[in-house]
file protein_38.pdb (PDB, C-alpha atoms)
ATOM      1  CA  MET A  59       0.000   0.000   0.000  1.00  0.00           C
ATOM      2  CA  TYR A  60       1.393   3.379  -0.964  1.00  0.00           C
ATOM      3  CA  ALA A  61       0.312   6.943  -1.591  1.00  0.00           C
ATOM      4  CA  ILE A  62       1.565   9.846  -3.656  1.00  0.00           C
ATOM      5  CA  LEU A  63       1.335  13.133  -1.806  1.00  0.00           C
ATOM      6  CA  LYS A  64       2.184  16.728  -2.563  1.00  0.00           C
ATOM      7  CA  HIS A  65       4.208  18.828  -0.145  1.00  0.00           C
ATOM      8  CA  GLY A  66       6.168  22.014  -0.747  1.00  0.00           C
ATOM      9  CA  GLY A  67       5.926  21.901  -4.530  1.00  0.00           C
ATOM     10  CA  HIS A  68       7.224  18.309  -4.705  1.00  0.00           C
ATOM     11  CA  GLN A  69       5.451  14.968  -5.048  1.00  0.00           C
ATOM     12  CA  TYR A  70       6.530  11.988  -2.950  1.00  0.00           C
ATOM     13  CA  ARG A  71       5.669   8.278  -3.175  1.00  0.00           C
ATOM     14  CA  VAL A  72       5.431   7.002   0.402  1.00  0.00           C
ATOM     15  CA  SER A  73       4.438   3.845   2.240  1.00  0.00           C
ATOM     16  CA  ALA A  74       4.434   2.919   5.922  1.00  0.00           C
ATOM     17  CA  GLY A  75       7.953   2.812   7.415  1.00  0.00           C
ATOM     18  CA  ASP A  76       9.599   5.125   4.855  1.00  0.00           C
ATOM     19  CA  ARG A  77      11.877   7.999   5.871  1.00  0.00           C
ATOM     20  CA  LEU A  78      11.377  11.221   3.987  1.00  0.00           C
ATOM     21  CA  LEU A  79      13.208  14.560   3.777  1.00  0.00           C
ATOM     22  CA  VAL A  80      10.847  17.474   3.091  1.00  0.00           C
ATOM     23  CA  ASP A  81      11.065  21.250   3.368  1.00  0.00           C
ATOM     24  CA  ARG A  82      11.107  22.537   6.955  1.00  0.00           C
ATOM     25  CA  ILE A  83       7.878  21.959   8.887  1.00  0.00           C
ATOM     26  CA  PRO A  84       7.322  24.085  12.003  1.00  0.00           C
ATOM     27  CA  ALA A  85       6.720  21.112  14.337  1.00  0.00           C
ATOM     28  CA  GLU A  86       8.537  19.763  17.393  1.00  0.00           C
ATOM     29  CA  ILE A  87      10.711  16.662  17.192  1.00  0.00           C
ATOM     30  CA  GLY A  88       8.625  13.619  18.120  1.00  0.00           C
ATOM     31  CA  SER A  89       5.288  15.203  17.178  1.00  0.00           C
ATOM     32  CA  THR A  90       2.882  13.644  14.690  1.00  0.00           C
ATOM     33  CA  VAL A  91       1.897  15.511  11.532  1.00  0.00           C
ATOM     34  CA  THR A  92      -0.654  14.779   8.811  1.00  0.00           C
ATOM     35  CA  LEU A  93       0.536  15.295   5.239  1.00  0.00           C
ATOM     36  CA  GLU A  94      -2.018  16.458   2.682  1.00  0.00           C
ATOM     37  CA  PRO A  95      -3.126  16.549  -0.103  1.00  0.00           C
ATOM     38  CA  VAL A  96      -2.949  12.905  -1.178  1.00  0.00           C
ATOM     39  CA  LEU A  97      -2.952  12.734  -4.982  1.00  0.00           C
ATOM     40  CA  LEU A  98      -3.103   8.952  -5.429  1.00  0.00           C
ATOM     41  CA  PHE A  99      -3.788   6.029  -3.115  1.00  0.00           C
ATOM     42  CA  ALA A 100      -2.966   2.446  -4.110  1.00  0.00           C
ATOM     43  CA  ASP A 101      -3.507  -0.830  -2.278  1.00  0.00           C
ATOM     44  CA  ALA A 102      -4.168  -4.475  -3.173  1.00  0.00           C
ATOM     45  CA  SER A 103      -7.644  -3.668  -4.525  1.00  0.00           C
ATOM     46  CA  GLY A 104      -6.335  -1.071  -6.992  1.00  0.00           C
ATOM     47  CA  SER A 105      -5.513   2.613  -7.135  1.00  0.00           C
ATOM     48  CA  GLU A 106      -7.662   5.707  -6.833  1.00  0.00           C
ATOM     49  CA  SER A 107      -7.014   9.329  -7.632  1.00  0.00           C
ATOM     50  CA  GLY A 108      -9.011  12.542  -7.650  1.00  0.00           C
ATOM     51  CA  SER A 109     -10.117  14.864  -4.894  1.00  0.00           C
ATOM     52  CA  VAL A 110     -13.580  13.307  -4.509  1.00  0.00           C
ATOM     53  CA  ALA A 111     -12.319   9.733  -4.190  1.00  0.00           C
ATOM     54  CA  LEU A 112      -9.430  10.669  -1.889  1.00  0.00           C
ATOM     55  CA  GLY A 113     -11.168  13.096   0.424  1.00  0.00           C
ATOM     56  CA  ASP A 114     -10.557  10.788   3.390  1.00  0.00           C
ATOM     57  CA  ALA A 115      -7.040   9.510   2.521  1.00  0.00           C
ATOM     58  CA  ARG A 116      -4.400  10.466   5.088  1.00  0.00           C
ATOM     59  CA  VAL A 117      -0.675  10.062   5.553  1.00  0.00           C
ATOM     60  CA  THR A 118       0.526  10.431   9.151  1.00  0.00           C
ATOM     61  CA  ALA A 119       4.204  10.891   9.951  1.00  0.00           C
ATOM     62  CA  THR A 120       6.409  11.476  12.985  1.00  0.00           C
ATOM     63  CA  VAL A 121       9.015  14.249  12.979  1.00  0.00           C
ATOM     64  CA  VAL A 122      12.407  12.584  13.532  1.00  0.00           C
ATOM     65  CA  ALA A 123      14.812  15.524  13.139  1.00  0.00           C
ATOM     66  CA  HIS A 124      15.391  18.934  11.630  1.00  0.00           C
ATOM     67  CA  ARG A 125      18.375  18.973   9.283  1.00  0.00           C
ATOM     68  CA  ARG A 126      20.135  21.186   6.804  1.00  0.00           C
ATOM     69  CA  GLY A 127      20.698  20.153   3.215  1.00  0.00           C
ATOM     70  CA  ARG A 128      24.045  19.981   1.492  1.00  0.00           C
ATOM     71  CA  LYS A 129      25.852  23.225   0.808  1.00  0.00           C
ATOM     72  CA  LEU A 130      25.476  24.652  -2.664  1.00  0.00           C
ATOM     73  CA  ARG A 131      27.952  27.143  -4.116  1.00  0.00           C
ATOM     74  CA  VAL A 132      26.831  29.407  -6.931  1.00  0.00           C
ATOM     75  CA  PHE A 133      29.516  31.347  -8.774  1.00  0.00           C
ATOM     76  CA  THR A 134      28.594  33.958 -11.380  1.00  0.00           C
ATOM     77  CA  TYR A 135      30.822  36.218 -13.439  1.00  0.00           C
ATOM     78  CA  LYS A 136      30.725  38.514 -16.419  1.00  0.00           C
ATOM     79  CA  ALA A 137      33.529  38.050 -18.881  1.00  0.00           C
ATOM     80  CA  LYS A 138      35.904  41.016 -19.356  1.00  0.00           C
ATOM     81  CA  LYS A 139      34.006  43.154 -16.822  1.00  0.00           C
ATOM     82  CA  ARG A 140      35.754  42.136 -13.547  1.00  0.00           C
ATOM     83  CA  ARG A 141      32.427  41.025 -12.100  1.00  0.00           C
ATOM     84  CA  ARG A 142      32.547  37.940  -9.870  1.00  0.00           C
ATOM     85  CA  ARG A 143      30.100  36.853  -7.196  1.00  0.00           C
ATOM     86  CA  THR A 144      29.927  33.752  -4.996  1.00  0.00           C
ATOM     87  CA  LEU A 145      26.717  32.749  -3.240  1.00  0.00           C
ATOM     88  CA  GLY A 146      26.043  29.870  -0.883  1.00  0.00           C
ATOM     89  CA  TYR A 147      22.828  28.127   0.081  1.00  0.00           C
ATOM     90  CA  ARG A 148      21.724  25.330   2.432  1.00  0.00           C
ATOM     91  CA  SER A 149      18.095  24.250   2.491  1.00  0.00           C
ATOM     92  CA  GLN A 150      16.250  23.750   5.777  1.00  0.00           C
ATOM     93  CA  LEU A 151      14.810  20.209   5.888  1.00  0.00           C
ATOM     94  CA  THR A 152      12.698  18.045   8.189  1.00  0.00           C
ATOM     95  CA  GLU A 153      13.144  14.274   8.363  1.00  0.00           C
ATOM     96  CA  LEU A 154       9.874  12.367   8.695  1.00  0.00           C
ATOM     97  CA  LEU A 155       9.113   8.734   9.493  1.00  0.00           C
ATOM     98  CA  ILE A 156       5.910   7.670   7.737  1.00  0.00           C
ATOM     99  CA  ALA A 157       3.776   5.970  10.372  1.00  0.00           C
ATOM    100  CA  ASP A 158       0.600   5.168   8.479  1.00  0.00           C
ATOM    101  CA  VAL A 159      -0.935   5.439   5.017  1.00  0.00           C
ATOM    102  CA  GLN A 160      -4.684   4.911   5.284  1.00  0.00           C
ATOM    103  CA  ARG A 161      -7.958   5.520   3.562  1.00  0.00           C
ATOM    104  CA  GLN A 162     -11.222   5.289   5.448  1.00  0.00           C
ATOM    105  CA  GLU A 163     -14.096   3.844   3.454  1.00  0.00           C
ATOM    106  CA  SER A 164     -17.131   6.095   3.524  1.00  0.00           C
ATOM    107  CA  ALA A 165     -20.561   4.492   3.199  1.00  0.00           C
ATOM    108  CA  ALA A 166     -22.115   7.730   1.922  1.00  0.00           C
ATOM    109  CA  ALA A 167     -20.192   7.760  -1.360  1.00  0.00           C
ATOM    110  CA  PRO A 168     -20.232   4.377  -3.126  1.00  0.00           C
ATOM    111  CA  LYS A 169     -17.604   3.776  -5.782  1.00  0.00           C
ATOM    112  CA  PRO A 170     -19.106   4.296  -9.251  1.00  0.00           C
ATOM    113  CA  ALA A 171     -18.913   1.364 -11.641  1.00  0.00           C
ATOM    114  CA  ARG A 172     -16.747   1.968 -14.685  1.00  0.00           C
ATOM    115  CA  SER A 173     -18.292   1.292 -18.044  1.00  0.00           C
ATOM    116  CA  ARG A 174     -16.342   0.903 -21.256  1.00  0.00           C
ATOM    117  CA  ALA A 175     -19.409   1.309 -23.495  1.00  0.00           C
ATOM    118  CA  ARG A 176     -19.186   4.081 -26.049  1.00  0.00           C
ATOM    119  CA  PRO A 177     -21.633   6.935 -25.543  1.00  0.00           C
ATOM    120  CA  GLN A 178     -24.460   7.042 -28.051  1.00  0.00           C
ATOM    121  CA  PRO A 179     -24.584  10.076 -30.348  1.00  0.00           C
ATOM    122  CA  ALA A 180     -27.229  12.638 -29.544  1.00  0.00           C
ATOM    123  CA  ALA A 181     -30.247  12.648 -31.823  1.00  0.00           C
ATOM    124  CA  VAL A 182     -31.166  15.874 -33.602  1.00  0.00           C
ATOM    125  CA  ALA A 183     -34.832  16.319 -34.486  1.00  0.00           C
ATOM    126  CA  THR A 184     -35.730  18.451 -37.485  1.00  0.00           C
ATOM    127  CA  GLU A 185     -39.026  20.284 -37.837  1.00  0.00           C
ATOM    128  CA  PRO A 186     -41.277  18.854 -40.591  1.00  0.00           C
ATOM    129  CA  SER A 187     -42.520  21.219 -43.235  1.00  0.00           C
ATOM    130  CA  ALA A 188     -46.059  21.034 -44.625  1.00  0.00           C
ATOM    131  CA  GLY A 189     -46.908  17.500 -45.794  1.00  0.00           C
ATOM    132  CA  GLU A 190     -43.573  15.865 -44.726  1.00  0.00           C
ATOM    133  CA  GLU A 191     -42.789  13.450 -41.931  1.00  0.00           C
ATOM    134  CA  ALA A 192     -40.441  14.342 -39.081  1.00  0.00           C
ATOM    135  CA  GLU A 193     -36.912  13.093 -39.693  1.00  0.00           C
ATOM    136  CA  THR A 194     -34.400  12.206 -37.005  1.00  0.00           C
ATOM    137  CA  VAL A 195     -30.731  12.589 -37.899  1.00  0.00           C
ATOM    138  CA  THR A 196     -27.944  11.436 -35.581  1.00  0.00           C
ATOM    139  CA  ALA A 197     -25.067  13.765 -34.812  1.00  0.00           C
ATOM    140  CA  GLU A 198     -22.591  11.544 -36.668  1.00  0.00           C
ATOM    141  CA  ARG A 199     -24.531  11.786 -39.945  1.00  0.00           C
ATOM    142  CA  ALA A 200     -25.697  15.381 -39.569  1.00  0.00           C
ATOM    143  CA  PRO A 201     -24.754  17.568 -42.526  1.00  0.00           C
ATOM    144  CA  ALA A 202     -21.762  19.720 -41.744  1.00  0.00           C
ATOM    145  CA  ALA A 203     -22.097  23.461 -41.960  1.00  0.00           C
ATOM    146  CA  THR A 204     -20.331  24.607 -45.080  1.00  0.00           C
ATOM    147  CA  ALA A 205     -18.230  27.727 -45.039  1.00  0.00           C
ATOM    148  CA  PRO A 206     -18.736  30.217 -47.866  1.00  0.00           C
ATOM    149  CA  LYS A 207     -16.151  29.747 -50.587  1.00  0.00           C
ATOM    150  CA  ARG A 208     -13.737  32.534 -51.322  1.00  0.00           C
ATOM    151  CA  ALA A 209     -12.906  33.734 -54.794  1.00  0.00           C
ATOM    152  CA  PRO A 210      -9.439  32.727 -55.993  1.00  0.00           C
ATOM    153  CA  ARG A 211      -6.727  35.328 -55.666  1.00  0.00           C
ATOM    154  CA  PRO A 212      -5.711  37.087 -58.908  1.00  0.00           C
ATOM    155  CA  ARG A 213      -2.308  36.120 -60.221  1.00  0.00           C
ATOM    156  CA  LYS A 214       0.449  38.679 -60.511  1.00  0.00           C
ATOM    157  CA  LYS A 215       1.559  39.497 -64.006  1.00  0.00           C
ATOM    158  CA  ALA A 216       5.176  38.834 -64.881  1.00  0.00           C
ATOM    159  CA  SER A 217       6.897  42.080 -65.833  1.00  0.00           C
ATOM    160  CA  ASP A 218       9.551  42.291 -68.492  1.00  0.00           C
ATOM    161  CA  GLY A 219      13.015  42.944 -67.161  1.00  0.00           C
ATOM    162  CA  ALA A 220      14.180  44.952 -70.228  1.00  0.00           C
TER
END

call {"tool": "encode", "arguments": {"input": "protein_38.pdb", "output": "structure tokens"}}
result
Amino acid sequence: MYAILKHGGHQYRVSAGDRLLVDRIPAEIGSTVTLEPVLLFADASGSESGSVALGDARVTATVVAHRRGRKLRVFTYKAKKRRRRTLGYRSQLTELLIADVQRQESAAAPKPARSRARPQPAAVATEPSAGEEAETVTAERAPAATAPKRAPRPRKKASDGA
């Protein structure tokens, strides 16, 4: 059983027992946090996605530690202009231990059955004129609206180069 969740602009695939490094969360070490939104939930019965189907899916995690990411050095320069600049950056991270990935079944919203049948084309009824029967034309065989035809462009005359 696993879930795909979104946190801090990233998407993570998690299951129970995984350790995860995410952007800093303002929570104490040892506290339990709930990670949302869950984008996809998969178990032995299949996978589900969508906000309606996953409204009750939850991923709970325990905060293990607050860490700093590796140091990044950024060096920029402009050629022949004596412009040089060095920048450094370390991201603030939180290490999480995924405790549980669960989805509670709700009795109020039954799972809709999937049908692979093709939808039938909509029928278009035409008004009968005097003395004619009504005719029903399906959308697939309906006459297409024709665009007015344009006149051909006049050709340019070749001029003598003399």

call {"tool": "resolve_selection", "arguments": {"input": "protein_38.pdb", "expression": "the PyMOL selection byres ((chain A and resi 128) around 8)", "output": "PyMOL selection string"}}
result
chain A and resi 126-127+129-130+148-149

call {"tool": "atom_distance", "arguments": {"input": "protein_38.pdb", "atom1": "atom CA of Arg71 of chain A", "atom2": "atom CA of Ala123 of chain A"}}
result
20.1 Å

call {"tool": "closest_residue", "arguments": {"input": "protein_38.pdb", "among": "A:Thr90, A:Arg208, A:Ala61, A:Val121", "to": "Glu106 of chain A", "atoms": "only C-alpha atoms"}}
result
A:Ala61

call {"tool": "atom_distance", "arguments": {"input": "protein_38.pdb", "atom1": "atom CA of Ala100 of chain A", "atom2": "atom CA of Tyr60 of chain A"}}
result
5.5 Å

call {"tool": "closest_residue", "arguments": {"input": "protein_38.pdb", "among": "A:Val132, A:Met59, A:Leu155, A:Leu145", "to": "Leu78 of chain A", "atoms": "all atoms listed in the file"}}
result
A:Leu155
